[in-house]
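What's in entry.csv: CSV, C-alpha atoms
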```csv
chain,number,residue,atom,x,y,z
Q,14,MET,CA,31.3,134.1,96.3
Q,15,GLY,CA,34.4,135.8,97.7
Q,16,VAL,CA,37.8,134.1,97.8
Q,17,ARG,CA,37.8,134.0,101.6
Q,18,ASP,CA,34.6,131.9,101.6
Q,19,SER,CA,35.6,129.5,98.8
Q,20,GLY,CA,38.0,127.4,100.8
Q,21,LEU,CA,40.6,127.8,98.0
Q,22,VAL,CA,44.1,128.8,98.7
Q,23,GLY,CA,47.2,129.6,96.6
Q,24,ILE,CA,47.0,129.3,92.8
Q,25,GLU,CA,43.5,127.9,93.0
Q,26,THR,CA,42.2,131.3,93.9
Q,27,LYS,CA,43.1,132.4,90.4
Q,28,ASN,CA,42.3,129.2,88.7
Q,29,GLU,CA,39.5,127.3,90.2
Q,30,THR,CA,39.9,124.3,88.0
Q,31,GLY,CA,43.2,123.4,89.6
Q,32,LEU,CA,44.7,122.6,86.2
Q,33,ILE,CA,47.7,124.2,84.6
Q,34,THR,CA,49.2,123.3,81.3
Q,35,THR,CA,53.0,123.7,80.8
Q,36,ARG,CA,55.9,122.0,79.1
Q,37,LEU,CA,57.6,119.1,80.9
Q,38,ASP,CA,61.1,120.5,80.8
Q,39,GLU,CA,59.8,123.8,82.1
Q,40,ILE,CA,58.3,122.3,85.2
Q,41,VAL,CA,61.2,119.9,85.8
Q,42,ARG,CA,63.6,122.9,85.8
Q,43,TRP,CA,61.2,124.9,88.0
Q,44,GLY,CA,61.2,122.0,90.5
Q,45,ARG,CA,65.0,121.6,90.4
Q,46,LYS,CA,65.9,125.2,90.9
Q,47,ASN,CA,63.5,125.8,93.7
Q,48,SER,CA,64.4,122.7,95.8
Q,49,LEU,CA,68.2,122.6,95.9
Q,50,TRP,CA,69.0,120.4,98.9
Q,51,PRO,CA,72.5,121.4,99.9
Q,52,LEU,CA,75.1,119.1,101.4
Q,53,PRO,CA,77.3,121.4,103.5
Q,54,PHE,CA,80.9,120.1,103.1
Q,55,GLY,CA,82.0,122.4,105.9
Q,56,THR,CA,85.6,122.2,107.0
Q,57,ALA,CA,86.4,125.7,108.4
Q,58,CYS,CA,84.9,129.1,109.4
Q,59,CYS,CA,82.9,129.4,106.2
Q,60,ALA,CA,80.7,126.6,107.5
Q,61,ILE,CA,79.8,128.8,110.5
Q,62,GLU,CA,78.8,131.6,108.0
Q,63,PHE,CA,76.7,129.1,106.2
Q,64,MET,CA,74.8,128.3,109.5
Q,65,GLY,CA,73.9,132.0,109.6
Q,66,VAL,CA,72.6,131.8,106.0
Q,67,VAL,CA,70.4,128.9,106.9
Q,68,SER,CA,69.0,130.5,110.1
Q,69,SER,CA,66.1,132.9,110.3
Q,70,LYS,CA,67.9,136.3,109.7
Q,71,PHE,CA,69.1,135.5,106.2
Q,72,ASP,CA,66.9,132.5,105.6
Q,73,ILE,CA,68.1,130.5,102.6
Q,74,SER,CA,64.6,128.8,102.5
Q,75,ARG,CA,63.3,131.9,100.7
Q,76,PHE,CA,65.2,130.3,97.7
Q,77,GLY,CA,64.2,126.8,98.4
Q,78,ALA,CA,67.6,125.6,99.6
Q,79,GLU,CA,67.1,125.2,103.3
Q,80,LEU,CA,66.8,121.5,103.6
Q,81,VAL,CA,70.4,120.7,104.6
Q,82,ARG,CA,71.2,117.0,104.0
Q,83,PHE,CA,74.3,115.3,105.4
Q,84,SER,CA,74.0,112.4,103.0
Q,85,PRO,CA,75.2,112.7,99.4
Q,86,ARG,CA,72.3,110.3,98.5
Q,87,GLN,CA,69.7,112.9,99.4
Q,88,SER,CA,71.3,116.1,98.2
Q,89,ASP,CA,71.4,118.0,94.9
Q,90,MET,CA,74.1,120.6,95.6
Q,91,ILE,CA,77.3,120.3,97.5
Q,92,LEU,CA,78.5,123.5,99.1
Q,93,VAL,CA,82.2,123.3,99.8
Q,94,ALA,CA,82.8,125.7,102.7
Q,95,GLY,CA,86.3,125.7,103.9
Q,96,THR,CA,89.9,124.6,103.4
Q,97,ILE,CA,90.4,121.4,101.5
Q,98,ASN,CA,93.8,119.7,102.1
Q,99,TYR,CA,95.4,117.0,100.1
Q,100,LYS,CA,94.4,114.4,102.7
Q,101,LEU,CA,90.8,115.4,102.3
Q,102,ALA,CA,90.8,115.6,98.5
Q,103,PRO,CA,89.9,111.9,97.8
Q,104,VAL,CA,87.1,112.2,100.5
Q,105,LEU,CA,85.6,115.2,98.7
Q,106,LYS,CA,85.8,113.4,95.4
Q,107,LYS,CA,84.1,110.3,96.7
Q,108,ILE,CA,81.3,112.3,98.3
Q,109,TYR,CA,80.8,114.2,95.1
Q,110,ASP,CA,80.7,111.0,93.1
Q,111,GLN,CA,78.0,109.7,95.4
Q,112,ILE,CA,75.5,112.5,94.7
Q,113,ALA,CA,72.9,111.5,92.2
Q,114,GLU,CA,72.5,113.5,89.0
Q,115,PRO,CA,71.7,116.3,88.4
Q,116,LYS,CA,74.2,117.7,90.9
Q,117,TYR,CA,75.7,121.1,91.4
Q,118,VAL,CA,78.7,122.5,93.2
Q,119,ILE,CA,79.2,125.8,95.0
Q,120,SER,CA,82.7,126.7,96.1
Q,121,MET,CA,82.4,129.0,99.1
Q,122,GLY,CA,85.2,131.2,100.3
Q,123,ALA,CA,88.8,131.9,99.4
Q,124,CYS,CA,90.1,128.6,100.6
Q,125,ALA,CA,87.8,126.4,98.6
Q,126,CYS,CA,88.2,128.6,95.5
Q,127,SER,CA,92.0,129.0,95.5
Q,128,GLY,CA,93.5,127.7,98.7
Q,129,GLY,CA,93.2,131.1,100.3
Q,130,PHE,CA,96.3,132.2,102.1
Q,131,TYR,CA,97.4,128.6,102.6
Q,132,ASP,CA,99.9,128.1,99.8
Q,133,ASN,CA,101.8,125.3,101.4
Q,134,TYR,CA,102.5,121.6,101.3
Q,135,ALA,CA,99.1,120.7,102.8
Q,136,THR,CA,96.4,122.7,101.0
Q,137,VAL,CA,94.7,122.1,97.7
Q,138,GLN,CA,94.9,125.3,95.6
Q,139,GLY,CA,91.2,125.3,94.6
Q,140,ILE,CA,88.6,122.5,94.6
Q,141,ASP,CA,88.1,122.9,90.8
Q,142,GLN,CA,91.2,120.7,90.5
Q,143,ILE,CA,89.1,117.8,92.0
Q,144,ILE,CA,85.4,118.4,91.1
Q,145,PRO,CA,83.6,120.7,88.6
Q,146,VAL,CA,82.4,123.9,90.2
Q,147,ASP,CA,79.3,125.8,89.1
Q,148,VAL,CA,79.6,128.9,91.2
Q,149,PHE,CA,82.5,130.4,93.0
Q,150,ILE,CA,82.0,132.7,96.0
Q,151,PRO,CA,84.9,134.9,96.9
Q,152,GLY,CA,85.4,136.3,100.4
Q,153,CYS,CA,87.0,135.3,103.7
Q,154,PRO,CA,84.4,134.4,104.8
Q,155,PRO,CA,81.8,135.6,102.3
Q,156,ARG,CA,78.9,137.7,103.5
Q,157,PRO,CA,75.6,135.8,103.8
Q,158,GLU,CA,74.2,137.9,101.0
Q,159,ALA,CA,77.0,136.6,98.8
Q,160,ILE,CA,75.9,133.0,99.4
Q,161,LEU,CA,72.3,133.9,98.6
Q,162,HIS,CA,73.6,135.6,95.4
Q,163,ALA,CA,75.4,132.3,94.5
Q,164,VAL,CA,72.2,130.4,95.0
Q,165,ILE,CA,70.3,132.8,92.7
Q,166,LYS,CA,73.1,132.6,90.1
Q,167,LEU,CA,72.9,128.8,90.3
Q,168,GLN,CA,69.1,129.0,89.8
Q,169,GLU,CA,69.6,131.1,86.8
Q,170,ARG,CA,72.0,128.6,85.4
Q,171,ILE,CA,69.6,125.7,86.0
Q,172,ASP,CA,66.8,127.7,84.3
Q,173,LYS,CA,68.9,127.9,81.1
Q,174,GLU,CA,70.2,124.3,81.0
Q,175,PRO,CA,68.4,121.7,78.8
Q,176,VAL,CA,66.7,118.9,80.7
Q,177,PRO,CA,68.6,115.8,79.6
Q,178,LYS,CA,66.9,112.7,78.4
Q,179,ARG,CA,66.8,109.8,80.8
Q,180,GLY,CA,70.2,108.2,81.4
Q,181,VAL,CA,72.1,110.9,79.7
Q,182,HIS,CA,74.6,112.7,82.0
Q,183,ARG,CA,74.3,116.4,82.2
Q,184,ARG,CA,77.9,117.3,81.8
Q,185,HIS,CA,81.2,115.9,83.2
Q,186,GLU,CA,83.8,116.6,80.7
Q,187,VAL,CA,85.9,117.7,83.7
Q,188,THR,CA,88.0,114.8,84.9
Q,189,PRO,CA,89.6,114.9,88.3
Q,190,LYS,CA,93.1,116.2,88.1
Q,191,PHE,CA,95.0,114.0,90.5
Q,192,ARG,CA,98.3,115.1,89.0
Q,193,ASP,CA,101.7,114.1,90.3
Q,194,ASN,CA,103.9,116.9,91.6
F,6,MET,CA,113.9,139.2,136.9
F,7,ALA,CA,113.3,136.2,139.0
F,8,THR,CA,109.9,134.6,139.0
F,9,LYS,CA,108.4,132.0,141.4
F,10,GLU,CA,109.7,129.3,139.1
F,11,THR,CA,113.3,130.4,139.3
F,12,PRO,CA,114.3,128.7,142.6
F,13,LYS,CA,112.5,125.5,141.6
F,14,HIS,CA,114.4,125.5,138.3
F,15,ASP,CA,117.7,126.2,140.1
F,16,ALA,CA,117.1,123.2,142.4
F,17,LEU,CA,116.1,121.0,139.5
F,18,VAL,CA,119.0,121.9,137.3
F,19,ALA,CA,121.5,121.4,140.2
F,20,GLU,CA,120.1,117.9,140.9
F,21,MET,CA,120.1,117.0,137.2
F,22,LYS,CA,123.7,118.1,136.8
F,23,GLN,CA,124.8,116.1,139.8
F,24,ARG,CA,122.9,113.0,138.6
F,25,PHE,CA,123.6,113.0,134.9
F,26,GLY,CA,126.8,114.9,134.7
F,27,ALA,CA,128.2,115.3,131.2
F,28,ALA,CA,124.9,114.3,129.6
F,29,ILE,CA,123.7,117.8,130.4
F,30,LEU,CA,125.3,119.7,127.6
F,31,ASP,CA,124.0,123.1,128.5
F,32,VAL,CA,121.3,125.0,130.3
F,33,ASP,CA,119.5,128.0,128.8
F,34,ARG,CA,117.8,130.2,131.4
F,35,SER,CA,116.8,133.2,129.1
F,36,PHE,CA,113.4,134.8,129.5
F,37,ASP,CA,112.9,133.1,132.9
F,38,ASP,CA,112.5,129.8,131.1
F,39,CYS,CA,114.5,126.7,131.7
F,40,THR,CA,115.8,124.8,128.8
F,41,VAL,CA,118.1,121.8,129.4
F,42,ILE,CA,120.1,120.7,126.4
F,43,LEU,CA,120.7,117.0,126.7
F,44,ASP,CA,122.8,114.3,125.1
F,45,LYS,CA,120.7,111.8,123.2
F,46,GLY,CA,122.3,108.8,124.9
F,47,LYS,CA,120.8,109.7,128.3
F,48,LEU,CA,117.5,111.0,127.0
F,49,HIS,CA,115.3,108.1,128.1
F,50,ASP,CA,117.0,108.0,131.6
F,51,VAL,CA,116.4,111.7,132.1
F,52,LEU,CA,112.8,111.5,130.9
F,53,ALA,CA,112.1,108.6,133.2
F,54,TYR,CA,113.7,110.5,136.1
F,55,LEU,CA,111.6,113.6,135.4
F,56,LYS,CA,108.4,111.6,135.1
F,57,ASN,CA,108.9,109.2,138.1
F,58,GLU,CA,111.0,111.2,140.6
F,59,ARG,CA,110.3,114.9,139.7
F,60,ARG,CA,106.5,114.5,139.1
F,61,PHE,CA,106.5,115.9,135.5
F,62,ASN,CA,103.3,114.1,134.8
F,63,LEU,CA,102.3,116.0,131.6
F,64,LEU,CA,104.1,115.7,128.3
F,65,LEU,CA,102.7,118.8,126.5
F,66,ASP,CA,104.3,118.3,123.2
F,67,ILE,CA,107.2,117.0,121.2
F,68,GLY,CA,108.5,119.2,118.6
F,69,GLY,CA,111.5,119.5,116.3
F,70,VAL,CA,113.9,122.0,114.9
F,71,ASP,CA,115.8,121.9,111.6
F,72,CYS,CA,119.0,124.0,112.1
F,73,LEU,CA,120.0,123.8,108.5
F,74,GLU,CA,121.9,127.0,107.5
F,75,LEU,CA,121.9,128.2,111.1
F,76,LYS,CA,125.4,129.4,112.1
F,77,GLN,CA,125.5,128.0,115.6
F,78,TYR,CA,124.1,124.5,116.2
F,79,ARG,CA,125.4,121.2,117.5
F,80,GLU,CA,123.7,118.9,115.1
F,81,ARG,CA,121.3,119.5,112.2
F,82,PHE,CA,118.1,118.6,114.1
F,83,GLU,CA,116.8,119.0,117.6
F,84,VAL,CA,114.0,117.1,119.3
F,85,VAL,CA,112.2,119.4,121.8
F,86,TYR,CA,110.2,118.0,124.7
F,87,MET,CA,107.8,120.3,126.6
F,88,LEU,CA,107.1,119.0,130.1
F,89,TYR,CA,104.8,120.3,132.8
F,90,SER,CA,104.4,119.3,136.4
F,91,ILE,CA,100.9,119.8,137.8
F,92,ALA,CA,102.1,119.1,141.4
F,93,ASP,CA,104.9,121.7,141.3
F,94,ASP,CA,103.4,124.1,138.7
F,95,LEU,CA,106.6,124.0,136.8
F,96,ARG,CA,107.5,123.9,133.1
F,97,LEU,CA,110.7,122.4,131.6
F,98,ARG,CA,111.9,122.2,128.1
F,99,LEU,CA,114.4,119.6,126.9
F,100,GLU,CA,116.4,120.0,123.7
F,101,VAL,CA,118.2,117.0,122.3
F,102,PRO,CA,120.6,117.5,119.3
F,103,VAL,CA,120.1,114.7,116.7
F,104,SER,CA,122.5,114.1,113.9
F,105,GLU,CA,121.2,113.8,110.3
F,106,LEU,CA,123.2,110.6,110.1
F,107,ASP,CA,121.5,108.9,113.0
F,108,MET,CA,117.8,109.8,113.3
F,109,ASN,CA,117.1,107.2,116.0
F,110,VAL,CA,115.5,108.7,119.1
F,111,PRO,CA,114.3,106.5,122.1
F,112,THR,CA,110.5,106.6,122.4
F,113,ALA,CA,108.7,108.2,125.4
F,114,THR,CA,105.5,106.3,124.8
F,115,ASP,CA,106.3,104.0,127.7
F,116,LEU,CA,106.3,107.0,130.0
F,117,TRP,CA,103.5,109.2,128.7
F,118,LYS,CA,100.7,108.0,126.5
F,119,SER,CA,100.5,111.5,124.9
F,120,ALA,CA,103.9,110.8,123.4
F,121,ASN,CA,102.2,108.5,120.8
F,122,TRP,CA,100.7,111.1,118.5
F,123,ALA,CA,103.3,113.7,119.4
F,124,GLU,CA,106.1,111.4,118.2
F,125,ARG,CA,104.1,110.5,115.1
F,126,GLU,CA,103.9,114.2,114.2
F,127,ALA,CA,107.6,114.8,114.9
F,128,PHE,CA,108.4,111.7,112.7
F,129,GLU,CA,106.3,112.8,109.7
F,130,MET,CA,107.4,116.5,109.9
F,131,PHE,CA,111.2,115.9,110.4
F,132,GLY,CA,111.9,112.2,110.0
F,133,PHE,CA,113.0,111.3,113.5
F,134,ASN,CA,112.8,107.5,114.0
F,135,PHE,CA,111.4,106.9,117.5
F,136,VAL,CA,112.7,103.5,118.4
F,137,GLY,CA,110.1,101.5,120.3
F,138,HIS,CA,107.1,103.4,119.2
F,139,PRO,CA,104.1,101.1,118.7
F,140,CYS,CA,102.8,102.5,115.5
F,141,LEU,CA,105.1,105.1,113.9
F,142,LYS,CA,102.9,106.2,111.0
F,143,ARG,CA,102.1,109.6,109.5
F,144,LEU,CA,99.6,111.5,111.6
F,145,LEU,CA,98.6,114.7,109.7
F,146,THR,CA,99.8,114.2,106.2
F,147,HIS,CA,98.2,111.5,104.0
F,148,HIS,CA,99.5,108.0,103.6
F,149,GLU,CA,100.9,108.6,100.1
F,150,PHE,CA,103.0,111.5,101.2
F,151,VAL,CA,106.7,111.3,100.6
F,152,GLY,CA,109.3,113.4,102.5
F,153,HIS,CA,109.2,115.5,105.7
F,154,PRO,CA,107.5,118.9,105.1
F,155,LEU,CA,109.0,120.9,108.0
F,156,ARG,CA,112.6,120.2,106.9
F,157,LYS,CA,114.2,123.3,105.6
F,158,ASP,CA,115.1,121.6,102.3
F,159,TYR,CA,111.5,120.5,101.6
F,160,PRO,CA,109.9,122.9,99.1
F,161,LEU,CA,107.5,125.2,100.8
F,162,MET,CA,104.6,124.7,98.3
F,163,GLY,CA,105.4,121.1,97.7
F,164,GLY,CA,101.9,119.7,97.9
F,165,GLN,CA,101.4,116.1,97.0
F,166,TRP,CA,98.2,114.7,95.6
F,167,CYS,CA,96.5,111.8,97.3
F,168,ALA,CA,94.1,109.7,95.2
F,169,THR,CA,92.9,107.2,97.8
F,170,THR,CA,91.4,107.3,101.3
F,171,SER,CA,93.0,105.3,104.1
F,172,ASP,CA,91.5,103.6,107.1
F,173,MET,CA,92.7,103.6,110.7
F,174,THR,CA,92.4,99.9,111.5
F,175,GLU,CA,96.0,99.6,112.7
F,176,GLU,CA,95.6,102.5,115.2
F,177,LEU,CA,92.2,101.2,116.4
F,178,ASN,CA,93.7,97.8,117.1
F,179,GLU,CA,96.4,99.2,119.2
F,180,PRO,CA,96.2,98.1,122.9
F,181,ALA,CA,95.0,101.0,125.0
```
Would it be possible to restate this file's structure as structure tokens?
Amino acid sequence: MGVRDSGLVGIETKNETGLITTRLDEIVRWGRKNSLWPLPFGTACCAIEFMGVVSSKFDISRFGAELVRFSPRQSDMILVAGTINYKLAPVLKKIYDQIAEPKYVISMGACACSGGFYDNYATVQGIDQIIPVDVFIPGCPPRPEAILHAVIKLQERIDKEPVPKRGVHRRHEVTPKFRDN
Amino acid sequence: MATKETPKHDALVAEMKQRFGAAILDVDRSFDDCTVILDKGKLHDVLAYLKNERRFNLLLDIGGVDCLELKQYRERFEVVYMLYSIADDLRLRLEVPVSELDMNVPTATDLWKSANWAEREAFEMFGFNFVGHPCLKRLLTHHEFVGHPLRKDYPLMGGQWCATTSDMTEELNEPA
């Protein structure tokens, strides 16, 4: 009986029993890295570039990260795209805190990474002073390929990390630096 | 080179000089613009005259200038009003010298509603105290910010951390 006539699709064409054995942490990691739901924290032109990445030409869904959520309760990864000023800093911190573990942070563009060319009284000089960042993307704005590269790098990172036991936080040694000037 | 605004500006300046006399400190006509430098005491009278009798129905912006370390200036600060008349297609700029020792400036919110946020911005950036403003709070900088960042003696990179968010209840409860 040929595959076409069997009514089977996908992995079942190779394995008609429909059963796969694996280790639990392997499959948890596999699930996590291939379904990163991003929360776009877009405040400037980088957010427009991100729209291009989500759309059909570059298509971030090839990496499982196309399901853009505007609620921190429903997302795994916050993508900070744009300038963050001191007035917005507590808002970003609050939204980051509301994302459920495990959570990841991508800092997109020169402004989010370092303040960009806004070195003045208003602009935070890098969001790593507020929240822990997994991947930095340089550029003003970064090319869409650079954002896809960041997603791939984040997936590689997730692939290596140990799956924590229930109730144990993944990391968070980094405390917010709301320092006084 | 004269433009189509030049005769309108001539007539306006002549009438303002006749009406307000010594309160008109100077008139600057460079670059085909018209800038009237005004004494602060007559500011509100002049604004009311321009709004009600000369049809300047748009207040475009209120700005400020810090003249610190400039060689020629009357007082340390200037408040700058940008006015536009839709009916006459005419622009007018008013400059009002303000002393560092007396930062009180009469509000224009009773004449133009757009003066509300414009004056809040001028207040937070330079420290002008607009007397009679309904809610003179910081507009762009956060509520924990101390100082006035566009003053020349404010450090250029003097960012200030803000640890809490703020709500806008007071602004929302303002009468429209």
Do a neighbour search on Asn133 (chain Q) at 10 Å with only C-alpha atoms, toss out local chain neighbours closer than 5 positions, and write the hits as an MDAnalysis selection string.
(chainID Q and resid 98 128 138) or (chainID F and resid 154 160:164)
When distances are computed from only C-alpha atoms, which of F:Glu58, F:Glu175, F:Asp71, F:Glu149 shows the smallest separation from chain Q?
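Result for the nearest residue to chain Q: F:Glu149.
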For the contact check between chain F and chain Q, emit one row per residue of chain F within 12 Å, containing the shortest atom pair and the distance in Å rounded to one decimal, counting all atoms listed in the file, chain then rising number order, as CSV.
```
residue,atom,partner,partner_atom,distance
F:Met130,CA,Q:Tyr134,CA,11.1
F:Arg143,CA,Q:Lys100,CA,11.3
F:Leu144,CA,Q:Lys100,CA,10.7
F:Leu145,CA,Q:Lys100,CA,8.2
F:Thr146,CA,Q:Lys100,CA,6.4
F:His147,CA,Q:Lys100,CA,5.0
F:His148,CA,Q:Lys100,CA,8.2
F:Glu149,CA,Q:Lys100,CA,9.1
F:Phe150,CA,Q:Lys100,CA,9.2
F:Val151,CA,Q:Asn194,CA,11.0
F:Gly152,CA,Q:Tyr134,CA,10.7
F:His153,CA,Q:Tyr134,CA,10.1
F:Pro154,CA,Q:Tyr134,CA,6.8
F:Leu155,CA,Q:Tyr134,CA,9.4
F:Arg156,CA,Q:Tyr134,CA,11.6
F:Tyr159,CA,Q:Tyr134,CA,9.1
F:Pro160,CA,Q:Tyr134,CA,7.8
F:Leu161,CA,Q:Asn133,CA,5.7
F:Met162,CA,Q:Asn133,CA,4.2
F:Gly163,CA,Q:Tyr134,CA,4.6
F:Gly164,CA,Q:Tyr134,CA,3.9
F:Gln165,CA,Q:Asn194,CA,6.0
F:Trp166,CA,Q:Tyr99,CA,5.8
F:Cys167,CA,Q:Tyr99,CA,6.0
F:Ala168,CA,Q:Pro103,CA,5.4
F:Thr169,CA,Q:Pro103,CA,5.6
F:Thr170,CA,Q:Pro103,CA,6.0
F:Ser171,CA,Q:Lys100,CA,9.3
F:Asp172,CA,Q:Val104,CA,11.7
```
For those residues, write C-alpha atoms to a file as a PDB file, in the frame of the given file.
```
ATOM      1  CA  MET F 130     107.400 116.500 109.900  1.00  0.00           C
ATOM      2  CA  ARG F 143     102.100 109.600 109.500  1.00  0.00           C
ATOM      3  CA  LEU F 144      99.600 111.500 111.600  1.00  0.00           C
ATOM      4  CA  LEU F 145      98.600 114.700 109.700  1.00  0.00           C
ATOM      5  CA  THR F 146      99.800 114.200 106.200  1.00  0.00           C
ATOM      6  CA  HIS F 147      98.200 111.500 104.000  1.00  0.00           C
ATOM      7  CA  HIS F 148      99.500 108.000 103.600  1.00  0.00           C
ATOM      8  CA  GLU F 149     100.900 108.600 100.100  1.00  0.00           C
ATOM      9  CA  PHE F 150     103.000 111.500 101.200  1.00  0.00           C
ATOM     10  CA  VAL F 151     106.700 111.300 100.600  1.00  0.00           C
ATOM     11  CA  GLY F 152     109.300 113.400 102.500  1.00  0.00           C
ATOM     12  CA  HIS F 153     109.200 115.500 105.700  1.00  0.00           C
ATOM     13  CA  PRO F 154     107.500 118.900 105.100  1.00  0.00           C
ATOM     14  CA  LEU F 155     109.000 120.900 108.000  1.00  0.00           C
ATOM     15  CA  ARG F 156     112.600 120.200 106.900  1.00  0.00           C
ATOM     16  CA  TYR F 159     111.500 120.500 101.600  1.00  0.00           C
ATOM     17  CA  PRO F 160     109.900 122.900  99.100  1.00  0.00           C
ATOM     18  CA  LEU F 161     107.500 125.200 100.800  1.00  0.00           C
ATOM     19  CA  MET F 162     104.600 124.700  98.300  1.00  0.00           C
ATOM     20  CA  GLY F 163     105.400 121.100  97.700  1.00  0.00           C
ATOM     21  CA  GLY F 164     101.900 119.700  97.900  1.00  0.00           C
ATOM     22  CA  GLN F 165     101.400 116.100  97.000  1.00  0.00           C
ATOM     23  CA  TRP F 166      98.200 114.700  95.600  1.00  0.00           C
ATOM     24  CA  CYS F 167      96.500 111.800  97.300  1.00  0.00           C
ATOM     25  CA  ALA F 168      94.100 109.700  95.200  1.00  0.00           C
ATOM     26  CA  THR F 169      92.900 107.200  97.800  1.00  0.00           C
ATOM     27  CA  THR F 170      91.400 107.300 101.300  1.00  0.00           C
ATOM     28  CA  SER F 171      93.000 105.300 104.100  1.00  0.00           C
ATOM     29  CA  ASP F 172      91.500 103.600 107.100  1.00  0.00           C
TER      30      ASP F 172
END
```
Shell around Met90 (chain Q) at 9 Å using all atoms listed in the file, local window under 5 positions removed, as a PyMOL selection string
chain Q and resi 49-53+85+112+115-119
Could you tell me, as an MDAnalysis selection string, which residues have any atom at most 12 Å from (113.0, 112.8, 133.2), counting all atoms listed in the file?
chainID F and resid 17:18 20:21 24:25 41 43 47:64 86:90 97:99 113 116:117
Could you state the separation of CA of Glu62 (chain Q) and CA of Arg82 (chain Q) in Å, given to one decimal place?
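If I compute the distance from CA of Glu62 (chain Q) to CA of Arg82 (chain Q), I get 16.9 Å.
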Is it possible to get the residues within 12 Å of (110.0, 103.7, 113.0) (coordinates as in the file, counting only C-alpha atoms) written as a PDB file with C-alpha atoms, keeping the file's coordinate frame?
```pdb
ATOM      1  CA  MET F 108     117.800 109.800 113.300  1.00  0.00           C
ATOM      2  CA  ASN F 109     117.100 107.200 116.000  1.00  0.00           C
ATOM      3  CA  VAL F 110     115.500 108.700 119.100  1.00  0.00           C
ATOM      4  CA  PRO F 111     114.300 106.500 122.100  1.00  0.00           C
ATOM      5  CA  THR F 112     110.500 106.600 122.400  1.00  0.00           C
ATOM      6  CA  GLU F 124     106.100 111.400 118.200  1.00  0.00           C
ATOM      7  CA  ARG F 125     104.100 110.500 115.100  1.00  0.00           C
ATOM      8  CA  ALA F 127     107.600 114.800 114.900  1.00  0.00           C
ATOM      9  CA  PHE F 128     108.400 111.700 112.700  1.00  0.00           C
ATOM     10  CA  GLU F 129     106.300 112.800 109.700  1.00  0.00           C
ATOM     11  CA  GLY F 132     111.900 112.200 110.000  1.00  0.00           C
ATOM     12  CA  PHE F 133     113.000 111.300 113.500  1.00  0.00           C
ATOM     13  CA  ASN F 134     112.800 107.500 114.000  1.00  0.00           C
ATOM     14  CA  PHE F 135     111.400 106.900 117.500  1.00  0.00           C
ATOM     15  CA  VAL F 136     112.700 103.500 118.400  1.00  0.00           C
ATOM     16  CA  GLY F 137     110.100 101.500 120.300  1.00  0.00           C
ATOM     17  CA  HIS F 138     107.100 103.400 119.200  1.00  0.00           C
ATOM     18  CA  PRO F 139     104.100 101.100 118.700  1.00  0.00           C
ATOM     19  CA  CYS F 140     102.800 102.500 115.500  1.00  0.00           C
ATOM     20  CA  LEU F 141     105.100 105.100 113.900  1.00  0.00           C
ATOM     21  CA  LYS F 142     102.900 106.200 111.000  1.00  0.00           C
ATOM     22  CA  ARG F 143     102.100 109.600 109.500  1.00  0.00           C
TER      23      ARG F 143
END
```
Near Gly139 (chain Q), counting all atoms listed in the file, which residues have an atom at most 8 Å away, once you skip same-chain residues fewer than 3 positions from it, shown as a ChimeraX atom specification?
/Q:97,124-128,142
Just checking: using all atoms listed in the file, which residue out of Q:Ser69, Q:Gln111, Q:Thr26, Q:Ser120 ends up closest to Ser88 (chain Q)?
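For Ser88 (chain Q), the nearest of the given residues is Q:Gln111.
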Please, what distance in Å, to one decimal, runs between CA of Gly44 (chain Q) and CA of Arg156 (chain Q)?
27.0 Å
Interatomic distance between CA of Ala113 (chain Q) and CA of Ile160 (chain Q)?
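So the two atoms, CA of Ala113 (chain Q) and CA of Ile160 (chain Q), lie 22.9 Å apart.
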